[in-house]
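A quick write-up on the structure given underneath.
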Amino acid sequence: MATGPVHEALAAVELVDHHCHGVVTEDLDRAAFESLLTEGDVWPGSGISPFDSPVGIAVRRYCAPLLDLERHAPADEYLARRAELGPHEVNRRFLAAAGTGVLCVDTGFAPHEITSPAELAEVAGAVAHEVVRLEAVAESVAGRGVEPDGYADAFRAAALDAV
């Protein structure tokens, strides 16, 4: 690992994650974990796991040591260790290692039970702000049955309420 005054100064800087999501609060089986690696469905019939993709290799390279495993630990070993530690401890370790002081949390993507911005802030020891998704505000306003000529004003009011 590189050392010196520049590296020391950079290591002391708290980061801002300008777009993140809450973290999973439940134990995940392999299929559920793999779906989160790609934020998509399981790769049907390909015989290739998302653990073999660049992101899967990076997870095993950088995350495995935080779980007291060797770099590039096999996927089954990695998942077993996550299960052994439990979601709370895994989340605590990863978020502490990230060194992030401010989190801008998008609550619009939640395929599993995840932390709220406040819960994420607590686990990370950081400050969290919720990202307001304008499309969600727009859908909410439209869902209330507002008349077309009143939509702009209703949207503006709802957006201001959301922030």
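Ordering of the structure tokens sets the chain letters (A, B, ...); residue numbers start at 1 within each chain; ligands are numbered from 1 in the order shown.
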| request: Within 12 Å of region 3-12 of chain A, counting only C-alpha atoms, which residues show up once you throw out same-chain ones fewer than 4 positions away? Write them as a VMD selection string, please. | output: chain A and resid 97 to 101
Export, as a PDB file, in the first residue's frame, the selected residues with N, CA and C atoms.
```pdb
ATOM      1  N   ALA A  97     -15.331   0.658   6.365  1.00  0.00           N
ATOM      2  CA  ALA A  97     -14.174   0.641   5.464  1.00  0.00           C
ATOM      3  C   ALA A  97     -14.324   1.660   4.334  1.00  0.00           C
ATOM      4  N   ALA A  98     -15.543   2.007   3.982  1.00  0.00           N
ATOM      5  CA  ALA A  98     -15.760   2.945   2.880  1.00  0.00           C
ATOM      6  C   ALA A  98     -15.315   4.364   3.228  1.00  0.00           C
ATOM      7  N   GLY A  99     -15.354   4.717   4.498  1.00  0.00           N
ATOM      8  CA  GLY A  99     -14.927   6.053   4.899  1.00  0.00           C
ATOM      9  C   GLY A  99     -15.825   7.159   4.377  1.00  0.00           C
ATOM     10  N   THR A 100     -17.096   6.874   4.219  1.00  0.00           N
ATOM     11  CA  THR A 100     -18.037   7.843   3.670  1.00  0.00           C
ATOM     12  C   THR A 100     -18.695   8.617   4.808  1.00  0.00           C
ATOM     13  N   GLY A 101     -18.656   9.941   4.710  1.00  0.00           N
ATOM     14  CA  GLY A 101     -19.240  10.783   5.752  1.00  0.00           C
ATOM     15  C   GLY A 101     -20.628  11.283   5.426  1.00  0.00           C
TER      16      GLY A 101
END
```
| request: Quick one: pick out all strand (DSSP E or B) residues within region 2-63 of chain A from a backbone DSSP run and write them as a PyMOL selection string. | output: chain A and resi 15-20+24
Keeping only C-alpha atoms, write the selected residues as a PDB file, in the first residue's frame.
```
ATOM      1  CA  LEU A  15     -16.156  10.864   1.146  1.00  0.00           C
ATOM      2  CA  VAL A  16     -19.581  11.881  -0.173  1.00  0.00           C
ATOM      3  CA  ASP A  17     -21.544   9.180  -1.971  1.00  0.00           C
ATOM      4  CA  HIS A  18     -23.800  11.214  -4.243  1.00  0.00           C
ATOM      5  CA  HIS A  19     -26.013   8.252  -5.204  1.00  0.00           C
ATOM      6  CA  CYS A  20     -26.386   5.125  -3.132  1.00  0.00           C
ATOM      7  CA  VAL A  24     -29.833  -5.261   2.723  1.00  0.00           C
TER       8      VAL A  24
END
```
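Ranking A:Ala2, A:Val59, A:Val105, A:Ala162 by their shortest atom-to-atom distance to Gly22 (chain A), with only C-alpha atoms included, puts A:Val105 first.
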| said: Need to verify the contact set: region 62-68 of chain A, 9 Å, only C-alpha atoms, exclusion of same-chain residues closer than 3 positions in sequence. Can you return it as a VMD selection string? | reply: chain A and resid 57 to 59 71 to 73 78 81 to 82 85 90 93 to 94 97
| query | Pick the closest to His88 (chain A) from A:Leu160, A:Val141, A:Thr115, A:Val132: which is it, counting only C-alpha atoms? | reply | A:Thr115
| request: Quick one: everything within 7 Å of region 148-159 of chain A, counting only C-alpha atoms, minus sequence neighbours fewer than 4 positions away in the same chain. Send it as a PyMOL selection string. | output: chain A and resi 137-138+141+163
Grab the residues selected above and save them as a CSV table (one decimal), in the first residue's frame with all heavy atoms.
```
chain,number,residue,atom,x,y,z
A,137,VAL,N,-42.4,11.5,-7.6
A,137,VAL,CA,-43.4,12.6,-7.2
A,137,VAL,C,-44.4,12.8,-8.3
A,137,VAL,O,-45.6,12.9,-8.0
A,137,VAL,CB,-42.6,13.9,-7.0
A,137,VAL,CG1,-43.5,15.1,-6.7
A,137,VAL,CG2,-41.6,13.8,-5.8
A,138,ALA,N,-44.0,12.8,-9.6
A,138,ALA,CA,-44.9,13.0,-10.7
A,138,ALA,C,-45.9,11.9,-10.8
A,138,ALA,O,-47.1,12.1,-11.0
A,138,ALA,CB,-44.1,13.0,-12.0
A,141,VAL,N,-48.5,12.4,-8.0
A,141,VAL,CA,-49.4,13.5,-8.3
A,141,VAL,C,-50.4,13.0,-9.3
A,141,VAL,O,-51.6,13.2,-9.1
A,141,VAL,CB,-48.7,14.7,-8.8
A,141,VAL,CG1,-49.6,15.8,-9.3
A,141,VAL,CG2,-47.8,15.3,-7.6
A,163,VAL,N,-39.1,17.7,-0.5
A,163,VAL,CA,-37.7,18.1,-0.1
A,163,VAL,C,-37.7,18.9,1.2
A,163,VAL,O,-36.8,19.2,1.8
A,163,VAL,CB,-37.0,18.9,-1.2
A,163,VAL,CG1,-36.8,18.0,-2.4
A,163,VAL,CG2,-37.7,20.2,-1.5
```
| task | Work out how far apart CA of Val102 (chain A) and CA of Pro50 (chain A) are and give it in Å to one decimal. | result |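 CA of Pro50 (chain A) lies at a distance of 29.2 Å from CA of Val102 (chain A).
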| message | Which residue is closest to Glu119 (chain A)? Choose from A:Ile48, A:Val13, A:Leu37, A:Val23 and count only C-alpha atoms. | response |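 Among A:Ile48, A:Val13, A:Leu37, A:Val23, it is A:Val23 that comes nearest to Glu119 (chain A).
Among the candidates A:Arg144, A:Ala83, A:Ala126, A:Asn91, the one nearest to Leu103 (chain A) when counting only C-alpha atoms is A:Ala126.
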| message | From a backbone DSSP assignment, name each residue in chain A labelled alpha helix (DSSP H), as JSON, numbers by chain. | response | {"A": [5, 6, 7, 8, 9, 10, 11, 12, 30, 31, 32, 33, 34, 35, 36, 37, 38, 54, 55, 56, 57, 58, 75, 76, 77, 78, 79, 80, 81, 82, 83, 84, 85, 87, 88, 89, 90, 91, 92, 93, 94, 95, 96, 97, 98, 117, 118, 119, 120, 121, 122, 123, 124, 134, 135, 136, 137, 138, 139, 140, 141, 142, 143, 151, 152, 153, 154, 155, 156, 157, 158, 159, 160, 161, 162]}
| In terms of the shortest atom-to-atom distance over only C-alpha atoms, which of A:Gly143, A:Asp52, A:Leu95, A:Glu135 is closest to Glu122 (chain A)? |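 Of all the options, A:Leu95 lies closest to Glu122 (chain A).
In terms of minimum interatomic distance to Ala136 (chain A), A:Asp106 ranks closest within A:Ser116, A:Asp106, A:Glu39, A:His21, counting only C-alpha atoms.
From CA of Ser53 (chain A) back to CA of Ala31 (chain A), the distance works out to 14.8 Å.
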Residues near Arg92 (chain A), anyone? I mean within 8 Å using only C-alpha atoms, not counting same-chain ones fewer than 4 positions away, as a CSV table (one decimal) with N, CA and C atoms, in the first residue's frame.
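After the write, selection.csv holds the following:
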```csv
chain,number,residue,atom,x,y,z
A,88,HIS,N,-26.0,-7.4,9.7
A,88,HIS,CA,-25.6,-6.2,10.4
A,88,HIS,C,-24.1,-6.1,10.5
A,96,ALA,N,-17.9,1.0,7.3
A,96,ALA,CA,-16.8,1.6,8.1
A,96,ALA,C,-15.6,1.7,7.1
A,123,VAL,N,-25.8,3.0,10.8
A,123,VAL,CA,-24.8,1.9,10.6
A,123,VAL,C,-23.5,2.4,10.0
A,124,ALA,N,-23.6,3.4,9.2
A,124,ALA,CA,-22.4,3.9,8.5
A,124,ALA,C,-21.6,4.9,9.4
```
